>>> print(open('my_file_6.cif').read())   # mmCIF, C-alpha atoms
data_query
loop_
_atom_site.label_atom_id
_atom_site.label_comp_id
_atom_site.auth_asym_id
_atom_site.auth_seq_id
_atom_site.Cartn_x
_atom_site.Cartn_y
_atom_site.Cartn_z
CA MET A 642 23.49 -18.74 20.89
CA SER A 643 27.12 -17.75 20.57
CA LYS A 644 28.23 -14.24 19.81
CA PRO A 645 30.41 -13.64 16.74
CA ARG A 646 33.86 -13.74 18.22
CA ILE A 647 35.72 -11.42 15.92
CA ALA A 648 33.53 -8.39 16.62
CA TRP A 649 35.66 -5.77 18.35
CA THR A 650 34.39 -3.73 21.24
CA ASP A 651 34.62 0.06 20.90
CA GLN A 652 37.58 0.09 23.28
CA GLN A 653 39.51 -2.51 21.26
CA MET A 654 38.72 -0.56 18.12
CA ASP A 655 40.17 2.56 19.72
CA ASP A 656 43.34 0.69 20.67
CA ILE A 657 43.90 -0.65 17.18
CA ILE A 658 43.19 2.76 15.66
CA GLY A 659 45.64 4.40 18.08
CA THR A 660 48.41 2.04 17.02
CA LEU A 661 47.52 2.47 13.37
CA LEU A 662 47.78 6.24 13.60
CA ARG A 663 51.08 6.12 15.44
CA VAL A 664 52.65 3.78 12.88
CA GLY A 665 51.27 5.84 9.99
CA VAL A 666 52.62 9.14 11.28
CA ALA A 667 56.01 7.67 12.21
CA LEU A 668 56.39 6.07 8.78
CA ALA A 669 55.35 9.27 6.99
CA ALA A 670 57.73 11.39 9.06
CA LEU A 671 60.59 8.98 8.36
CA VAL A 672 60.05 9.06 4.58
CA VAL A 673 59.75 12.87 4.64
CA LEU A 674 62.96 13.05 6.66
CA VAL A 675 64.88 10.82 4.22
CA GLY A 676 63.59 12.83 1.28
CA GLY A 677 64.39 16.05 3.17
CA VAL A 678 68.02 15.09 3.75
CA LEU A 679 68.44 14.22 0.05
CA TYR A 680 66.68 17.43 -0.90
CA LEU A 681 68.97 19.60 1.24
CA HIS A 682 72.02 17.77 -0.04
CA ARG A 683 70.95 18.47 -3.59
CA TYR A 684 69.28 21.88 -3.41
CA GLY A 685 70.61 23.33 -0.12
CA ASN A 686 72.64 26.01 -1.87
CA THR A 687 69.95 27.12 -4.28
CA PHE A 688 67.48 29.88 -3.50
CA PRO A 689 63.88 29.16 -2.62
CA ASP A 690 61.15 30.93 -4.52
CA TYR A 691 57.83 30.84 -2.74
CA ARG A 692 56.90 34.50 -3.20
CA VAL A 693 55.19 33.93 -6.50
CA PHE A 694 52.83 31.03 -6.94
CA HIS A 695 53.65 28.74 -9.87
CA GLY A 696 52.00 25.52 -8.76
CA GLU A 697 53.89 22.25 -8.58
CA PRO A 698 55.05 20.39 -11.70
CA SER A 699 52.65 17.66 -12.77
CA ASP A 700 54.76 14.77 -11.45
CA LEU A 701 54.32 16.06 -7.89
CA ARG A 702 50.55 16.35 -8.18
CA SER A 703 49.43 12.80 -8.77
CA LEU A 704 49.83 9.41 -7.17
CA ALA A 705 51.37 7.89 -10.30
CA GLY A 706 53.78 10.78 -10.83
CA ILE A 707 54.98 10.70 -7.24
CA LEU A 708 55.59 6.94 -7.39
CA ARG A 709 57.59 7.33 -10.61
CA ASP A 710 59.73 9.99 -8.89
CA VAL A 711 60.35 7.72 -5.92
CA LEU A 712 61.55 4.89 -8.19
CA VAL A 713 64.24 7.14 -9.68
CA PHE A 714 65.10 8.47 -6.23
CA ARG A 715 64.09 12.10 -6.71
CA SER A 716 64.23 13.91 -3.38
CA ARG A 717 61.18 16.09 -3.91
CA GLY A 718 59.18 13.05 -5.01
CA ILE A 719 60.26 11.11 -1.91
CA ILE A 720 59.10 13.95 0.38
CA GLN A 721 55.83 14.09 -1.52
CA CYS A 722 55.45 10.32 -1.06
CA GLY A 723 55.86 10.76 2.71
CA LEU A 724 53.21 13.48 2.66
CA LEU A 725 50.95 11.16 0.69
CA LEU A 726 51.43 8.48 3.36
CA LEU A 727 50.44 11.08 5.94
CA ILE A 728 47.30 12.03 4.02
CA ALA A 729 46.48 8.33 3.69
CA THR A 730 46.68 7.69 7.44
CA PRO A 731 43.23 9.12 8.30
CA LEU A 732 41.90 7.35 5.22
CA VAL A 733 43.11 3.98 6.44
CA ARG A 734 41.62 4.79 9.82
CA VAL A 735 38.21 5.37 8.29
CA ALA A 736 38.51 2.23 6.15
CA PHE A 737 39.31 0.27 9.29
CA ALA A 738 36.24 1.70 11.01
CA VAL A 739 34.07 0.47 8.11
CA VAL A 740 35.29 -3.07 8.74
CA ALA A 741 34.95 -2.78 12.51
CA PHE A 742 31.36 -1.50 12.30
CA ALA A 743 30.55 -4.25 9.80
CA LEU A 744 31.78 -6.86 12.27
CA GLN A 745 29.57 -5.26 14.93
CA ARG A 746 26.68 -5.54 12.43
CA ASP A 747 26.05 -1.84 12.87
CA ARG A 748 24.53 -1.00 9.49
CA THR A 749 23.92 2.65 10.21
CA TYR A 750 27.57 3.29 10.98
CA VAL A 751 28.82 1.17 8.10
CA THR A 752 26.88 3.56 5.87
CA VAL A 753 28.17 6.61 7.73
CA THR A 754 31.80 5.54 7.49
CA LEU A 755 31.43 4.50 3.84
CA ILE A 756 30.18 7.99 3.00
CA VAL A 757 33.18 9.57 4.75
CA LEU A 758 35.54 7.14 3.01
CA SER A 759 34.15 7.87 -0.44
CA LEU A 760 34.44 11.63 0.12
CA LEU A 761 38.10 11.16 1.07
CA LEU A 762 38.80 8.95 -1.95
CA TYR A 763 37.06 11.41 -4.22
CA SER A 764 39.32 14.19 -2.96
CA LEU A 765 42.51 12.22 -3.34
CA LEU A 766 41.82 10.51 -6.64
CA GLY A 767 39.26 12.36 -8.63
CA ALA A 768 38.41 15.88 -7.58
CA SER A 769 40.72 17.86 -9.83
CA HIS A 770 39.79 16.14 -13.04
CA MET B 1499 68.62 33.16 2.31
CA ASN B 1500 69.31 29.85 0.59
CA VAL B 1501 67.21 26.69 0.79
CA PHE B 1502 69.26 25.30 3.68
CA GLU B 1503 68.81 28.40 5.85
CA PHE B 1504 65.17 28.73 4.88
CA THR B 1505 64.54 25.11 5.86
CA LEU B 1506 66.18 25.51 9.27
CA LEU B 1507 64.40 28.77 10.08
CA SER B 1508 60.96 27.62 8.94
CA MET B 1509 61.42 24.37 10.84
CA ALA B 1510 62.36 26.24 14.03
CA GLY B 1511 59.35 28.53 13.66
CA SER B 1512 57.02 25.58 13.02
CA LEU B 1513 58.44 23.73 16.01
CA LEU B 1514 57.65 26.69 18.25
CA ALA B 1515 54.17 27.00 16.74
CA GLY B 1516 53.46 23.31 17.29
CA PHE B 1517 54.81 23.48 20.84
CA LEU B 1518 52.74 26.50 21.86
CA GLY B 1519 49.71 25.23 19.97
CA SER B 1520 49.72 21.95 21.85
CA LEU B 1521 50.44 23.57 25.24
CA THR B 1522 47.59 26.02 24.91
CA GLY B 1523 45.24 23.63 23.15
CA LEU B 1524 44.75 26.14 20.34
CA GLY B 1525 46.57 24.05 17.74
CA GLY B 1526 49.70 25.07 15.86
CA GLY B 1527 48.07 25.17 12.44
CA VAL B 1528 46.43 28.48 13.08
CA VAL B 1529 49.75 30.38 13.24
CA ILE B 1530 51.61 28.49 10.47
CA VAL B 1531 50.01 30.41 7.61
CA PRO B 1532 50.65 33.88 9.16
CA LEU B 1533 54.18 32.77 10.05
CA LEU B 1534 54.96 31.71 6.47
CA THR B 1535 53.17 34.56 4.69
CA LEU B 1536 53.96 37.51 6.98
CA GLY B 1537 57.29 36.18 8.27
CA PHE B 1538 58.83 34.51 5.22
CA GLY B 1539 56.93 36.13 2.37
CA VAL B 1540 55.57 32.81 1.12
CA ASP B 1541 52.56 32.91 -1.22
CA ILE B 1542 49.44 32.13 0.79
CA ARG B 1543 48.52 29.15 -1.41
CA TYR B 1544 51.82 27.35 -0.71
CA ALA B 1545 51.46 28.31 2.96
CA ILE B 1546 47.97 26.81 3.21
CA GLY B 1547 49.14 23.60 1.53
CA ALA B 1548 52.02 23.18 4.00
CA SER B 1549 49.83 24.07 6.97
CA LEU B 1550 47.20 21.52 6.00
CA VAL B 1551 49.79 18.75 5.93
CA SER B 1552 51.10 19.72 9.37
CA VAL B 1553 47.54 19.73 10.73
CA ILE B 1554 47.13 16.07 9.71
CA ALA B 1555 50.45 15.19 11.34
CA THR B 1556 49.56 16.74 14.70
CA SER B 1557 46.05 15.37 14.71
CA SER B 1558 47.10 11.79 13.98
CA GLY B 1559 50.12 12.06 16.29
CA ALA B 1560 48.10 13.31 19.24
CA ALA B 1561 45.09 11.10 18.55
CA ALA B 1562 47.32 8.05 18.91
CA ALA B 1563 47.88 9.10 22.52
CA TYR B 1564 44.31 10.23 23.20
CA VAL B 1565 42.32 7.24 21.96
CA LYS B 1566 43.84 4.90 24.51
CA GLU B 1567 42.54 7.08 27.34
CA GLY B 1568 38.98 6.30 26.33
CA PHE B 1569 37.69 9.86 26.14
CA SER B 1570 36.96 10.15 22.44
CA ASN B 1571 33.62 9.02 21.06
CA ILE B 1572 34.13 7.30 17.73
CA ARG B 1573 30.42 7.30 16.78
CA ILE B 1574 29.99 11.02 17.32
CA GLY B 1575 33.28 11.60 15.51
CA MET B 1576 32.41 9.50 12.47
CA PHE B 1577 28.90 10.88 12.18
CA LEU B 1578 30.08 14.48 12.30
CA GLU B 1579 32.91 13.72 9.89
CA MET B 1580 30.30 13.41 7.14
CA ALA B 1581 29.68 17.12 7.65
CA THR B 1582 33.32 18.17 8.07
CA THR B 1583 34.64 16.25 5.04
CA LEU B 1584 31.88 17.57 2.83
CA GLY B 1585 32.59 21.09 4.11
CA ALA B 1586 36.33 20.57 3.58
CA LEU B 1587 35.81 19.55 -0.06
CA LEU B 1588 33.71 22.65 -0.62
CA GLY B 1589 36.25 24.88 1.15
CA ALA B 1590 39.15 23.51 -0.90
CA MET B 1591 37.22 24.04 -4.13
CA LEU B 1592 36.32 27.58 -3.09
CA ALA B 1593 39.98 28.31 -2.32
CA ALA B 1594 40.82 28.16 -6.01
CA ARG B 1595 38.00 30.50 -6.99
CA ILE B 1596 38.25 33.40 -4.59
CA PRO B 1597 41.11 35.94 -4.59
CA THR B 1598 43.98 35.38 -2.15
CA ALA B 1599 43.34 38.79 -0.57
CA ALA B 1600 39.87 37.62 0.47
CA ILE B 1601 41.33 34.41 1.91
CA ALA B 1602 43.77 36.53 3.95
CA VAL B 1603 40.93 38.64 5.37
CA ILE B 1604 38.80 35.59 6.27
CA PHE B 1605 41.90 34.10 7.87
CA GLY B 1606 42.36 37.24 9.94
CA VAL B 1607 38.77 37.11 11.18
CA VAL B 1608 39.16 33.46 12.20
CA LEU B 1609 42.41 34.32 14.04
CA ILE B 1610 40.72 37.10 15.99
CA TYR B 1611 37.88 34.78 16.88
CA SER B 1612 40.38 32.11 18.04
CA ALA B 1613 42.11 34.73 20.19
CA TYR B 1614 38.77 35.59 21.77
CA LEU B 1615 38.11 31.90 22.48
CA SER B 1616 41.54 31.44 24.04
CA LEU B 1617 40.58 34.00 26.68
CA HIS B 1618 37.10 32.57 27.14
CA PRO B 1619 37.59 28.81 27.07
CA PRO B 1620 34.40 26.73 26.92
CA HIS B 1621 33.21 25.87 30.44
CA GLY B 1622 31.92 22.42 29.66
CA GLN B 1623 28.44 21.49 30.78
CA VAL B 1624 27.68 17.80 30.91
CA GLY B 1625 24.38 16.89 29.35
CA GLN B 1626 22.41 15.05 32.01
CA GLU B 1627 18.98 15.89 30.64
CA ALA B 1628 17.23 13.68 28.10
CA SER B 1629 18.96 13.21 24.74
CA ASP B 1630 18.07 14.35 21.29
CA PRO B 1631 16.04 11.35 19.99
CA LEU B 1632 18.29 11.37 16.93
CA ALA B 1633 21.33 10.94 19.19
CA THR B 1634 19.68 7.97 20.86
CA ARG B 1635 18.91 6.38 17.54
CA LEU B 1636 22.51 6.93 16.43
CA ARG B 1637 23.79 5.45 19.69
CA MET B 1638 25.87 8.52 20.51
CA ASP B 1639 25.27 8.54 24.26
CA SER B 1640 28.20 7.11 26.14
CA SER B 1641 30.29 7.57 29.25
CA TYR B 1642 33.78 8.76 29.99
CA PRO B 1643 36.27 7.79 32.69
CA THR B 1644 36.75 10.00 35.75
CA LEU B 1645 38.42 9.43 39.10
CA ASP B 1646 35.03 8.46 40.53
CA GLY B 1647 34.34 5.93 37.80
CA PRO B 1648 32.61 6.33 34.44
CA VAL B 1649 30.19 9.23 34.05
CA ALA B 1650 27.37 8.89 31.52
CA TYR B 1651 26.48 11.75 29.19
CA HIS B 1652 23.70 12.50 26.73
CA VAL B 1653 24.02 14.20 23.40
CA HIS B 1654 21.86 17.16 22.33
CA ALA B 1655 21.04 19.18 19.25
CA VAL B 1656 22.53 16.84 16.65
CA PRO B 1657 21.32 18.88 13.61
CA THR B 1658 22.81 22.13 15.02
CA GLY B 1659 26.09 20.40 15.76
CA PHE B 1660 26.11 18.85 12.29
CA SER B 1661 25.62 22.25 10.61
CA LEU B 1662 28.36 23.87 12.67
CA MET B 1663 30.67 21.01 11.70
CA PHE B 1664 30.01 21.68 8.04
CA LEU B 1665 31.17 25.26 8.64
CA ALA B 1666 34.23 24.03 10.54
CA GLY B 1667 35.10 21.75 7.61
CA ALA B 1668 34.68 24.53 5.06
CA LEU B 1669 36.99 26.84 7.04
CA SER B 1670 39.50 24.02 7.36
CA GLY B 1671 39.50 23.41 3.61
CA LEU B 1672 39.62 27.09 2.73
CA LEU B 1673 42.33 28.14 5.18
CA GLY B 1674 44.36 24.97 5.79
CA ILE B 1675 43.68 24.96 9.53
CA GLY B 1676 42.25 22.31 11.86
CA SER B 1677 39.27 24.45 12.95
CA GLY B 1678 39.53 22.77 16.35
CA ALA B 1679 37.99 25.81 18.04
CA VAL B 1680 34.79 25.65 15.98
CA LYS B 1681 34.59 21.88 16.38
CA VAL B 1682 34.91 22.04 20.16
CA LEU B 1683 32.38 24.88 20.25
CA ALA B 1684 29.86 22.83 18.30
CA MET B 1685 30.24 19.81 20.56
CA ASP B 1686 30.52 21.72 23.82
CA ARG B 1687 27.95 24.48 23.48
CA ALA B 1688 25.45 22.95 21.07
CA MET B 1689 25.61 19.23 21.71
CA HIS B 1690 26.50 19.44 25.44
CA ILE B 1691 29.24 16.86 25.16
CA PRO B 1692 31.68 16.87 28.13
CA PHE B 1693 34.74 19.01 27.53
CA LYS B 1694 37.30 16.17 27.63
CA VAL B 1695 35.26 14.12 25.20
CA SER B 1696 34.73 17.03 22.81
CA THR B 1697 38.39 18.09 22.73
CA THR B 1698 39.70 14.58 22.08
CA THR B 1699 36.95 13.73 19.57
CA SER B 1700 37.59 17.05 17.81
CA ASN B 1701 41.29 16.28 17.58
CA PHE B 1702 40.38 12.89 16.17
CA MET B 1703 38.24 14.49 13.48
CA ILE B 1704 40.75 17.16 12.48
CA GLY B 1705 42.99 14.69 10.63
CA VAL B 1706 40.16 13.25 8.55
CA THR B 1707 38.82 16.71 7.75
CA ALA B 1708 42.25 17.99 6.70
CA ALA B 1709 42.91 14.87 4.61
CA ALA B 1710 39.70 15.56 2.67
CA SER B 1711 40.99 18.91 1.46
CA ALA B 1712 44.68 17.89 1.28
CA GLY B 1713 43.93 15.58 -1.66
CA ILE B 1714 42.50 18.47 -3.64
CA TYR B 1715 45.40 20.75 -2.69
CA LEU B 1716 47.90 18.11 -3.79
CA ASN B 1717 46.16 17.58 -7.13
CA ARG B 1718 46.12 21.30 -7.70
CA GLY B 1719 49.85 21.70 -7.01
CA TYR B 1720 49.54 23.76 -3.81
CA ILE B 1721 51.66 21.38 -1.73
CA ASP B 1722 55.36 22.05 -2.23
CA PRO B 1723 57.60 19.32 -0.80
CA GLY B 1724 60.48 21.70 -0.02
CA LEU B 1725 58.20 23.89 2.08
CA ALA B 1726 55.93 21.23 3.58
CA MET B 1727 58.90 19.13 4.75
CA PRO B 1728 60.29 21.51 7.44
CA VAL B 1729 56.81 22.69 8.43
CA MET B 1730 55.40 19.20 8.90
CA LEU B 1731 58.44 17.88 10.79
CA GLY B 1732 58.70 21.02 12.92
CA VAL B 1733 55.04 21.14 13.93
CA LEU B 1734 54.99 17.40 14.63
CA ILE B 1735 58.07 17.49 16.90
CA GLY B 1736 56.85 20.67 18.61
CA SER B 1737 53.40 19.30 19.36
CA LEU B 1738 54.75 16.01 20.68
CA LEU B 1739 57.08 17.97 23.00
CA GLY B 1740 54.17 20.17 24.04
CA ALA B 1741 52.06 17.15 24.93
CA ARG B 1742 54.86 15.91 27.19
CA VAL B 1743 55.20 19.08 29.26
CA LEU B 1744 51.48 19.81 29.20
CA VAL B 1745 50.92 18.19 32.55
CA ARG B 1746 53.44 20.36 34.34
CA ALA B 1747 52.95 23.69 32.63
CA ARG B 1748 50.85 26.50 34.04
CA THR B 1749 48.86 27.21 30.93
CA ARG B 1750 46.80 30.27 31.91
CA TRP B 1751 49.33 32.98 31.17
CA LEU B 1752 50.56 30.99 28.18
CA ARG B 1753 47.05 30.98 26.75
CA ILE B 1754 46.82 34.72 27.26
CA THR B 1755 50.20 35.39 25.64
CA PHE B 1756 49.55 33.08 22.70
CA GLY B 1757 46.03 34.53 22.38
CA ALA B 1758 47.53 38.03 22.18
CA VAL B 1759 49.99 36.92 19.49
CA ILE B 1760 47.13 35.38 17.50
CA LEU B 1761 45.11 38.60 17.86
CA VAL B 1762 47.96 40.72 16.45
CA LEU B 1763 48.50 38.23 13.60
CA GLY B 1764 44.78 38.39 12.85
CA PHE B 1765 44.84 42.16 12.39
CA GLU B 1766 48.00 41.92 10.31
CA MET B 1767 46.43 39.34 8.01
CA ILE B 1768 43.38 41.55 7.51
CA PHE B 1769 45.52 44.65 6.93
CA ASN B 1770 47.78 42.89 4.44
CA GLY B 1771 44.78 41.37 2.71
CA LEU B 1772 42.99 44.68 2.36
CA THR B 1773 46.10 46.48 1.08
CA GLY B 1774 46.63 43.72 -1.47
CA ARG B 1775 49.95 42.50 -0.11
CA LEU B 1776 48.87 38.91 0.37
#
>>> encode(input="my_file_6.cif", output="structure tokens")
Amino acid sequence: MSKPRIAWTDQQMDDIIGTLLRVGVALAALVVLVGGVLYLHRYGNTFPDYRVFHGEPSDLRSLAGILRDVLVFRSRGIIQCGLLLLIATPLVRVAFAVVAFALQRDRTYVTVTLIVLSLLLYSLLGASH
Amino acid sequence: MNVFEFTLLSMAGSLLAGFLGSLTGLGGGVVIVPLLTLGFGVDIRYAIGASLVSVIATSSGAAAAYVKEGFSNIRIGMFLEMATTLGALLGAMLAARIPTAAIAVIFGVVLIYSAYLSLHPPHGQVGQEASDPLATRLRMDSSYPTLDGPVAYHVHAVPTGFSLMFLAGALSGLLGIGSGAVKVLAMDRAMHIPFKVSTTTSNFMIGVTAAASAGIYLNRGYIDPGLAMPVMLGVLIGSLLGARVLVRARTRWLRITFGAVILVLGFEMIFNGLTGRL
């Protein structure tokens, strides 16, 4: 009887996850940096107001709004997009673990990781509505 | 102070926080909120949003280095993440409902507790005795590499560890911190997981936990790009630098100094919370 060949060992899984995290963080930091330079260029001489809480405008609160901002090259939207990439990195990691456990035929941990994944998706997509 | 100066100063402060946090193993996130609120007069809600983002950055950045060493236990991590993410969602929802002064006081208490832990680091007892049957069924027992070859360990008290993780997640979501101290405590003291395994697995979990509450914070408009940008970049660079010199540094007196700073910040947070200034 031959073993399924694509099933990763735990060590291989760790390696892939390590690379995934590194790429995710580097990409997020790069996008934040680009947005940050644009932001300073544009707003560097204005005065920050963080003493009183207003909450962010609606375009910076949702996935769709942030993407619209990026398309018209708004600096604050680009930073927010980088932050979104950063928030998505652990999410991709968990999604990857679902697949890896499925290939190992480990039903218990497929369920465990699916629960974690749905909690994360709920937070990012649905919780405030 | 204009935006340019504010960005430079807050980035420098965050860099130092990330550097010291990674050197001492206490995490930089725990001092970001006091730094921004007490130091720069930022509203605590913006500060928590920015801190949360930086916590994800350091966790994922450091985890990338850790996982290759083979210390972290992905099964324990994933299983306990059910508790931390659920706790984090609850914490983030609570954050909108309780007054900021109360958040400041709770923050202060957690800081004082972290300072205490920095002076009494967990001693790490390896579980050699029989496992919790639940741990066996969940295939949590594993081994970790040492100079003398792999050493096997057994996992204990899964329900206790799970409950403590829920608390760690709730604190993370409420305060925008990684709650690494509580996570390590749960794995070290309750579940008897070897120290190296619990610290790396905890770091692994911090990012997922913080991401669970970050979504809610983003949707609610607590994450300001202009503030989160210097904080995230600063903490990330600082913690990566800290990880590089970690091997050479004598960390004992550093832990004590940083612990003392955290203690003072804790009392200041409580004082400012009680007098209604935060």
>>> closest_atom_pairs(input="my_file_6.cif", of="stretch 1623-1709 of chain B", to="stretch 748-759 of chain A", cutoff="12 Å", atoms="all atoms listed in the file", output="CSV")
residue,atom,partner,partner_atom,distance
B:Arg1635,CA,A:Thr749,CA,9.6
B:Leu1636,CA,A:Thr749,CA,7.7
B:Arg1637,CA,A:Tyr750,CA,9.7
B:Met1638,CA,A:Tyr750,CA,11.0
B:Met1703,CA,A:Val757,CA,11.2
B:Val1706,CA,A:Val757,CA,8.8
B:Thr1707,CA,A:Val757,CA,9.6
B:Ala1709,CA,A:Leu758,CA,10.8
>>> resolve_selection(input="my_file_6.cif", expression="the PyMOL selection byres ((chain B and resi 1700) around 12)", output="PyMOL selection string")
chain B and resi 1523-1525+1557-1558+1560-1561+1564-1565+1569-1572+1574-1576+1578-1579+1582+1663+1666-1667+1676-1686+1691-1699+1701-1707
>>> residues_around(input="my_file_6.cif", residues="B:Leu1550", least_positions_apart="3", cutoff="7 Å", atoms="only C-alpha atoms", output="list in words")
Ile1546, Gly1547, Val1553, Ile1554, Gly1674, Ile1675, Ala1708 and Ala1712 of chain B
>>> interface_residues(input="my_file_6.cif", of="chain B", to="chain A", cutoff="8 Å", atoms="all atoms listed in the file", output="PyMOL selection string")
chain B and resi 1499-1502+1504+1539-1541+1543-1544+1551+1554-1555+1558-1559+1561-1566+1568+1572-1573+1576-1577+1579-1580+1583-1584+1587+1636+1705-1706+1709-1714+1716-1724+1727+1731
>>> atom_distance(input="my_file_6.cif", atom1="atom CA of B:Ala1586", atom2="atom CA of B:Leu1673")
9.8 Å
>>> residues_around(input="my_file_6.cif", residues="stretch 1592-1599 of chain B", least_positions_apart="2", cutoff="8 Å", atoms="all atoms listed in the file", output="MDAnalysis selection string")
chainID B and resid 1542:1543 1588:1590 1601:1603 1671:1673 1770:1772 1774:1776
>>> atom_distance(input="my_file_6.cif", atom1="atom CA of B:Ala1650", atom2="atom CA of B:Thr1634")
13.2 Å
>>> atom_distance(input="my_file_6.cif", atom1="atom CA of B:Met1689", atom2="atom CA of B:Val1656")
6.4 Å
>>> residues_near_point(input="my_file_6.cif", point="(59.5, 33.5, 6.9)", cutoff="9 Å", atoms="all atoms listed in the file", output="MDAnalysis selection string")
chainID B and resid 1504 1507:1508 1511 1533:1540
>>> resolve_selection(input="my_file_6.cif", expression="the PyMOL selection byres ((chain B and resi 1616) around 9)", output="PDB file with C-alpha atoms, in the coordinates of the input")
ATOM      1  CA  THR B1522      47.590  26.020  24.910  1.00  0.00           C
ATOM      2  CA  GLY B1523      45.240  23.630  23.150  1.00  0.00           C
ATOM      3  CA  LEU B1524      44.750  26.140  20.340  1.00  0.00           C
ATOM      4  CA  TYR B1611      37.880  34.780  16.880  1.00  0.00           C
ATOM      5  CA  SER B1612      40.380  32.110  18.040  1.00  0.00           C
ATOM      6  CA  ALA B1613      42.110  34.730  20.190  1.00  0.00           C
ATOM      7  CA  TYR B1614      38.770  35.590  21.770  1.00  0.00           C
ATOM      8  CA  LEU B1615      38.110  31.900  22.480  1.00  0.00           C
ATOM      9  CA  LEU B1617      40.580  34.000  26.680  1.00  0.00           C
ATOM     10  CA  HIS B1618      37.100  32.570  27.140  1.00  0.00           C
ATOM     11  CA  PRO B1619      37.590  28.810  27.070  1.00  0.00           C
ATOM     12  CA  ALA B1679      37.990  25.810  18.040  1.00  0.00           C
ATOM     13  CA  ARG B1753      47.050  30.980  26.750  1.00  0.00           C
ATOM     14  CA  ILE B1754      46.820  34.720  27.260  1.00  0.00           C
ATOM     15  CA  PHE B1756      49.550  33.080  22.700  1.00  0.00           C
ATOM     16  CA  GLY B1757      46.030  34.530  22.380  1.00  0.00           C
TER      17      GLY B1757
END
>>> residues_around(input="my_file_6.cif", residues="B:Ile1610", least_positions_apart="4", cutoff="9 Å", atoms="all atoms listed in the file", output="list of chain:residue names")
B:Phe1605, B:Gly1606, B:Tyr1614, B:Leu1615, B:Gly1757, B:Ile1760, B:Leu1761, B:Val1762, B:Leu1763, B:Gly1764, B:Phe1765
>>> closest_residue(input="my_file_6.cif", among="B:Ile1735, B:Leu1725, B:Leu1669, B:Met1767", to="B:Gly1585", atoms="all atoms listed in the file")
B:Leu1669
>>> resolve_selection(input="my_file_6.cif", expression="the PyMOL selection byres ((chain B and resi 1520) around 9)", output="list of chain:residue names")
B:Ala1515, B:Gly1516, B:Phe1517, B:Leu1518, B:Gly1519, B:Leu1521, B:Thr1522, B:Gly1523, B:Leu1524, B:Gly1525, B:Gly1526, B:Thr1556, B:Gly1736, B:Ser1737, B:Leu1738, B:Leu1739, B:Gly1740, B:Ala1741, B:Leu1744
>>> closest_residue(input="my_file_6.cif", among="A:Ala736, A:Gln745, A:Asp710, A:Arg715", to="A:Val678", atoms="all atoms listed in the file")
A:Arg715
>>> closest_residue(input="my_file_6.cif", among="A:Val740, A:Phe714, A:Trp649, A:Leu726", to="A:Arg683", atoms="only C-alpha atoms")
A:Phe714
>>> closest_residue(input="my_file_6.cif", among="B:Ala1655, B:Ala1726, B:Ala1668, B:Met1591", to="B:Ala1545", atoms="only C-alpha atoms")
B:Ala1726
>>> build_atoms(input="my_file_6.cif", residues="stretch 715-726 of chain A", atoms="N, CA and C atoms", output="short mmCIF file (atom, residue, chain, number, x, y, z; two decimals), keeping the file's coordinate frame")
data_model
loop_
_atom_site.label_atom_id
_atom_site.label_comp_id
_atom_site.auth_asym_id
_atom_site.auth_seq_id
_atom_site.Cartn_x
_atom_site.Cartn_y
_atom_site.Cartn_z
N ARG A 715 64.12 10.64 -6.72
CA ARG A 715 64.09 12.10 -6.71
C ARG A 715 63.68 12.59 -5.33
N SER A 716 64.47 13.50 -4.77
CA SER A 716 64.23 13.91 -3.38
C SER A 716 62.86 14.54 -3.18
N ARG A 717 62.47 15.42 -4.09
CA ARG A 717 61.18 16.09 -3.91
C ARG A 717 60.02 15.08 -4.01
N GLY A 718 60.19 14.10 -4.88
CA GLY A 718 59.18 13.05 -5.01
C GLY A 718 59.10 12.18 -3.76
N ILE A 719 60.26 11.94 -3.13
CA ILE A 719 60.26 11.11 -1.91
C ILE A 719 59.54 11.85 -0.78
N ILE A 720 59.82 13.16 -0.65
CA ILE A 720 59.10 13.95 0.38
C ILE A 720 57.60 13.88 0.10
N GLN A 721 57.25 14.09 -1.15
CA GLN A 721 55.83 14.09 -1.52
C GLN A 721 55.18 12.74 -1.20
N CYS A 722 55.96 11.66 -1.37
CA CYS A 722 55.45 10.32 -1.06
C CYS A 722 55.18 10.19 0.43
N GLY A 723 56.08 10.76 1.25
CA GLY A 723 55.86 10.76 2.71
C GLY A 723 54.60 11.54 3.06
N LEU A 724 54.40 12.67 2.39
CA LEU A 724 53.21 13.48 2.66
C LEU A 724 51.95 12.72 2.25
N LEU A 725 52.07 11.98 1.15
CA LEU A 725 50.95 11.16 0.69
C LEU A 725 50.60 10.08 1.71
N LEU A 726 51.65 9.47 2.30
CA LEU A 726 51.43 8.48 3.36
C LEU A 726 50.68 9.12 4.53
#
